[in-house]
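Input: a single structure, listed below in structure tokens.
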Number of protein chains: 2
Amino acid sequence: MTARYRAPSRRAGPQLAVARLRRYGAIGAAEEALIGSLEDWRPDPPGVELIRDVRSATPRLLLSGWAAKVRWLSDGRRQIVSFVLPGDGLALHQRPHPLGLCPVMALTPVQTVDAAPLIRAVTQLPQTAPLRQALDVAASLEEVWVLDQVIRLGRLAAYERMAHLIMELRWRLTAVELGVGDQFPFPLTQETLADALGLSIVHVNRTLQQMRREKLIELQNGRLRVLDPVAMAQLCDFREPQPQTWLEAAA
Amino acid sequence: MTARYRAPSRRAGPQLAVARLRRYGAIGAAEEALIGSLEDWRPDPPGVELIRDVRSATPRLLLSGWAAKVRWLSDGRRQIVSFVLPGDGLALHQRPHPLGLCPVMALTPVQTVDAAPLIRAVTQLPQTAPLRQALDVAASLEEVWVLDQVIRLGRLAAYERMAHLIMELRWRLTAVELGVGDQFPFPLTQETLADALGLSIVHVNRTLQQMRREKLIELQNGRLRVLDPVAMAQLCDFREPQPQTWLEAAA
DNA sequence: CGATGTTTTGACTCGGTTCAAATAAGGTGG
DNA sequence: CCACCTTATTTGAACCGAGTCAAAACATCG
């Protein structure tokens, strides 16, 4: 039932990345041009490890498609640490030493560009430059997703976990304007959901069924519609991140 | 059975913080003096929120005692995101925008000092200064603990979770030379363990019992001894972080 | 010595897993 | 455009890991 993204017929533009950063800083024409001028583009099919060795990874921007930060146990169990959505960055460390990070794997066909020129330009800028601030906020949000994942896995029941993850993805996709009318792309297989939520595939299936039965969501053709966002947020104690207030605090 | 740290009779020195940083960079007399000269000292009893509002938090060093990063659900459920051990930093953001962070709560009597002068000094230093590198590594390790927490909660069973957390704490305490002969301070109540491991108190108790029965650990008087570290590491797929290789990679 | 918080134990319940098999959806090549 | 293959989704039944409830046994401390 859940459809895949189609393989990209043509190169995706930087619109999503720009849209995302614009939310966290006053991105002007110059900055937009800078992002648009990134050259080293690459498409990859699902399953490919976009970042294998975290230490030698080069920074990239995800222009289209979904990916995930993944950790494996030696016996084959897999845990998805967090999702990487269109407009997000890959290995955009500000800090010289790589985070104790994990490989990133494409979940759908993806398109990325090398962001090294962007990072190089940004490090020249003063701390207060809007573009730099926007990247800082984006980096902070990445940490938010991991913390939320800890809460989900540690203290939420299956039904709550599912609702919470859906609300997170909805919020993030809205930030890149991929969500329209409470409907957004949802290309995850139930197996992927299981590995993200720490559940079995079978139970993911049953949880989704129940959520449909209770008229909280509709899910078909790889698109998800949240029918009752208020109820959803309440049942799983979902709280929207407040990146705006971070900006104010810094000002 | 698990005893608490006694209330500090006198002010703790910076030894632990220095010992920890020394592992990740060539800390010389000057750097040591800088840390030793930190003035604004404060003891706090267990239960106190050392950091309440993350956005306005000032950076501090934990000189003695244990603390934890904590998230609450509105219905009272609590999740411990990661532990903060002697020698660790509190809110030592390198990045201007606060991580999507959580309050930090003292688990035992603690002693902290204001680290603002340290941070101020460090930002003057070149990227390659040893002290700066050491702080970077410390920050990266903080992320490692959170990622490991995700693995534990998402894909490990109760017994494995417990083993994995114990191995993490053992590794970290060894880094500040608090672990001697596979024995180290372990001031956590079973309730705290439950909130860290996403388990019920009762099940934490049973898990510990079993681990004792199987002769993997000894736990009494607030000290824990790992009897068979190799078996412990294997059963939970514990892998030691390799901060040394990060330093090489940067060089 | 009582008061309070922590650990321990037993009996029962339940959420979520496992195993197995059927059904549906997509993708491919003839 | 259909036949076929593969990969997802769905369903049922049995099982088990971990939670819940309740009470007892210990510790610690004023």
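Chain labels run A, B, ... following the order of the structure tokens; each chain numbers its residues from 1, and ligands are numbered from 1 in the order shown.
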Per-residue nearest contacts chain D to chain A, cut-off 10 Å, using only C-alpha atoms (C1' of nucleotides), as a Markdown table:
| residue | atom | partner | partner_atom | distance |
| --- | --- | --- | --- | --- |
| D:DA8 | C1' | A:Met1 | CA | 7.2 |
| D:DT9 | C1' | A:Met1 | CA | 7.0 |
| D:DT10 | C1' | A:Asn205 | CA | 7.7 |
| D:DT11 | C1' | A:Arg206 | CA | 9.7 |
Worksheet item: Could you list, as a PyMOL selection string, every residue of chain B that has an atom within 9 Å of an atom of chain A, counting only C-alpha atoms?
Response: chain B and resi 55-56+71-75+77-81+94-102+127+133+136-137+139-147+149-151+153-155+195-199+237+241+246-247+249-250
Practice prompt. Pick out each residue of region 86-137 of chain B that DSSP on the backbone tags as alpha helix (DSSP H); I need them as a ChimeraX atom specification.
Written response: /B:116-124,130-137
Take the selection from the previous step and output its residues with C-alpha atoms, as an mmCIF file, in the first residue's frame.
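Wrote it out as result22.cif, contents follow:
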data_model
loop_
_atom_site.group_PDB
_atom_site.id
_atom_site.type_symbol
_atom_site.label_atom_id
_atom_site.label_comp_id
_atom_site.auth_asym_id
_atom_site.auth_seq_id
_atom_site.Cartn_x
_atom_site.Cartn_y
_atom_site.Cartn_z
ATOM 1 C CA ALA B 116 32.101 30.638 31.786
ATOM 2 C CA PRO B 117 35.709 31.850 32.116
ATOM 3 C CA LEU B 118 36.883 28.561 30.657
ATOM 4 C CA ILE B 119 34.562 28.813 27.693
ATOM 5 C CA ARG B 120 35.521 32.435 27.152
ATOM 6 C CA ALA B 121 39.191 31.507 27.121
ATOM 7 C CA VAL B 122 38.647 28.593 24.808
ATOM 8 C CA THR B 123 36.814 30.558 22.154
ATOM 9 C CA GLN B 124 39.888 32.788 21.881
ATOM 10 C CA PRO B 130 44.618 20.979 22.706
ATOM 11 C CA LEU B 131 42.183 22.291 25.288
ATOM 12 C CA ARG B 132 39.714 23.156 22.627
ATOM 13 C CA GLN B 133 40.060 19.765 21.019
ATOM 14 C CA ALA B 134 39.560 18.081 24.340
ATOM 15 C CA LEU B 135 36.322 19.973 24.883
ATOM 16 C CA ASP B 136 35.216 19.056 21.388
ATOM 17 C CA VAL B 137 35.823 15.398 22.053
#
Practice prompt. Extract, using only C-alpha atoms (C1' of nucleotides), all DNA, RNA and protein residues at most 12 Å from DC4 (chain D), discarding same-chain residues fewer than 6 positions from it, and format them as a PyMOL selection string.
Written response: chain C and resi 27-30
Written file, previous selection with N, CA and C atoms (P, O5', C5', C4', C3', O3' and C1' of nucleotides), as a short mmCIF file (atom, residue, chain, number, x, y, z; two decimals), in the first residue's frame:
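Below you can see result_23.cif, which holds the result:
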data_model
loop_
_atom_site.label_atom_id
_atom_site.label_comp_id
_atom_site.auth_asym_id
_atom_site.auth_seq_id
_atom_site.Cartn_x
_atom_site.Cartn_y
_atom_site.Cartn_z
P DG C 27 6.62 -0.19 -8.68
"O5'" DG C 27 7.06 -1.71 -8.90
"C5'" DG C 27 8.33 -2.15 -8.43
"C4'" DG C 27 8.93 -3.06 -9.46
"C3'" DG C 27 9.28 -2.37 -10.78
"O3'" DG C 27 10.59 -2.82 -11.15
"C1'" DG C 27 7.75 -4.17 -11.17
P DT C 28 11.25 -2.65 -12.51
"O5'" DT C 28 10.88 -3.99 -13.27
"C5'" DT C 28 11.03 -5.25 -12.59
"C4'" DT C 28 11.13 -6.35 -13.62
"C3'" DT C 28 11.59 -5.89 -15.01
"O3'" DT C 28 12.44 -6.89 -15.56
"C1'" DT C 28 9.41 -6.82 -15.17
P DG C 29 13.22 -6.66 -16.88
"O5'" DG C 29 12.62 -7.84 -17.77
"C5'" DG C 29 12.46 -9.14 -17.19
"C4'" DG C 29 11.58 -9.96 -18.10
"C3'" DG C 29 11.92 -9.84 -19.59
"O3'" DG C 29 11.74 -11.11 -20.19
"C1'" DG C 29 9.70 -9.15 -19.24
P DG C 30 12.19 -11.44 -21.59
"O5'" DG C 30 10.86 -12.00 -22.21
"C5'" DG C 30 10.17 -13.10 -21.57
"C4'" DG C 30 8.77 -13.18 -22.12
"C3'" DG C 30 8.69 -13.26 -23.65
"O3'" DG C 30 7.75 -14.25 -24.03
"C1'" DG C 30 7.39 -11.45 -22.87
#
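Rounded to one decimal, C1' of DG2 (chain C) and CA of Gln220 (chain B) lie 26.1 Å from each other.
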Worksheet entry | Residue contacts of Phe186 (chain B) (12 Å, only C-alpha atoms (C1' of nucleotides)) excluding same-chain residues fewer than 6 positions away, as a ChimeraX atom specification | /B:1-5,65-66,83,85,107-108,165-167,169-170,173,178-179,192-193,218-226
Fill in: Backbone-only DSSP, strand (DSSP E or B) members of region 46-196 of chain A, as a ChimeraX atom specification
/A:49-51,60-64,67-72,78-84,89-90,104-106,110-114,180,183-185
Sorted per-residue table, chain C near chain A, closest atoms and distance, 9 Å, only C-alpha atoms (C1' of nucleotides), as a Markdown table:
| residue | atom | partner | partner_atom | distance |
| --- | --- | --- | --- | --- |
| C:DG15 | C1' | A:Ala157 | CA | 8.6 |
| C:DG16 | C1' | A:His203 | CA | 6.9 |
| C:DT17 | C1' | A:Ser200 | CA | 6.9 |
| C:DA24 | C1' | A:Met1 | CA | 8.0 |
| C:DA25 | C1' | A:Met1 | CA | 6.4 |
| C:DG26 | C1' | A:Ala3 | CA | 8.5 |
For the residues in the current selection, export C-alpha atoms (C1' of nucleotides) as a PDB file, in the first residue's frame.
ATOM      1  C1'  DG C  15       1.109  -5.356  25.533  1.00  0.00           C
ATOM      2  C1'  DG C  16       3.802  -6.776  22.156  1.00  0.00           C
ATOM      3  C1'  DT C  17       6.453 -10.729  19.844  1.00  0.00           C
ATOM      4  C1'  DA C  24      -2.418  -7.365  -2.046  1.00  0.00           C
ATOM      5  C1'  DA C  25       0.639  -4.285  -4.650  1.00  0.00           C
ATOM      6  C1'  DG C  26       4.404  -3.167  -7.777  1.00  0.00           C
TER       7       DG C  26
END
Fill in: Coordinates-based distance that separates CA of Pro45 (chain A) from CA of Pro187 (chain A) (Å, one decimal)
13.7 Å
Worksheet entry | Who sits within 8 Å of Leu216 (chain A), only C-alpha atoms (C1' of nucleotides), same chain under 4 positions skipped, as a list in words | Met211, Arg212, Val226, Leu227, Asp228, Pro229, Ala231 and Met232 of chain A
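Take CA of Pro46 (chain A) and CA of Glu32 (chain A): the distance between them is 28.4 Å.
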Worksheet item: What lies within 12 Å of DT13 (chain C) using only C-alpha atoms (C1' of nucleotides), ignoring chain neighbours under 2 positions off, as a PyMOL selection string?
Response: (chain C and resi 11+15) or (chain D and resi 18-21)
Discussion item. List as a PyMOL selection string the protein and nucleic acid residues near Arg52 (chain A), meaning an atom at most 7 Å away when only C-alpha atoms (C1' of nucleotides) are counted, but skip any in the same chain fewer than 3 places from it.
Written reply: chain A and resi 49+103-104
Mind dumping the selected residues with N, CA, C and O atoms as an mmCIF file, in the first residue's frame?
data_model
loop_
_atom_site.group_PDB
_atom_site.id
_atom_site.type_symbol
_atom_site.label_atom_id
_atom_site.label_comp_id
_atom_site.auth_asym_id
_atom_site.auth_seq_id
_atom_site.Cartn_x
_atom_site.Cartn_y
_atom_site.Cartn_z
ATOM 1 N N GLU A 49 24.210 3.429 1.320
ATOM 2 C CA GLU A 49 24.709 4.157 2.471
ATOM 3 C C GLU A 49 25.300 5.477 2.005
ATOM 4 O O GLU A 49 26.371 5.513 1.421
ATOM 5 N N PRO A 103 25.994 5.682 10.350
ATOM 6 C CA PRO A 103 25.796 5.715 8.915
ATOM 7 C C PRO A 103 24.420 6.264 8.554
ATOM 8 O O PRO A 103 23.469 6.130 9.325
ATOM 9 N N VAL A 104 24.329 6.869 7.387
ATOM 10 C CA VAL A 104 23.046 7.356 6.891
ATOM 11 C C VAL A 104 22.690 6.571 5.642
ATOM 12 O O VAL A 104 23.515 6.412 4.753
#
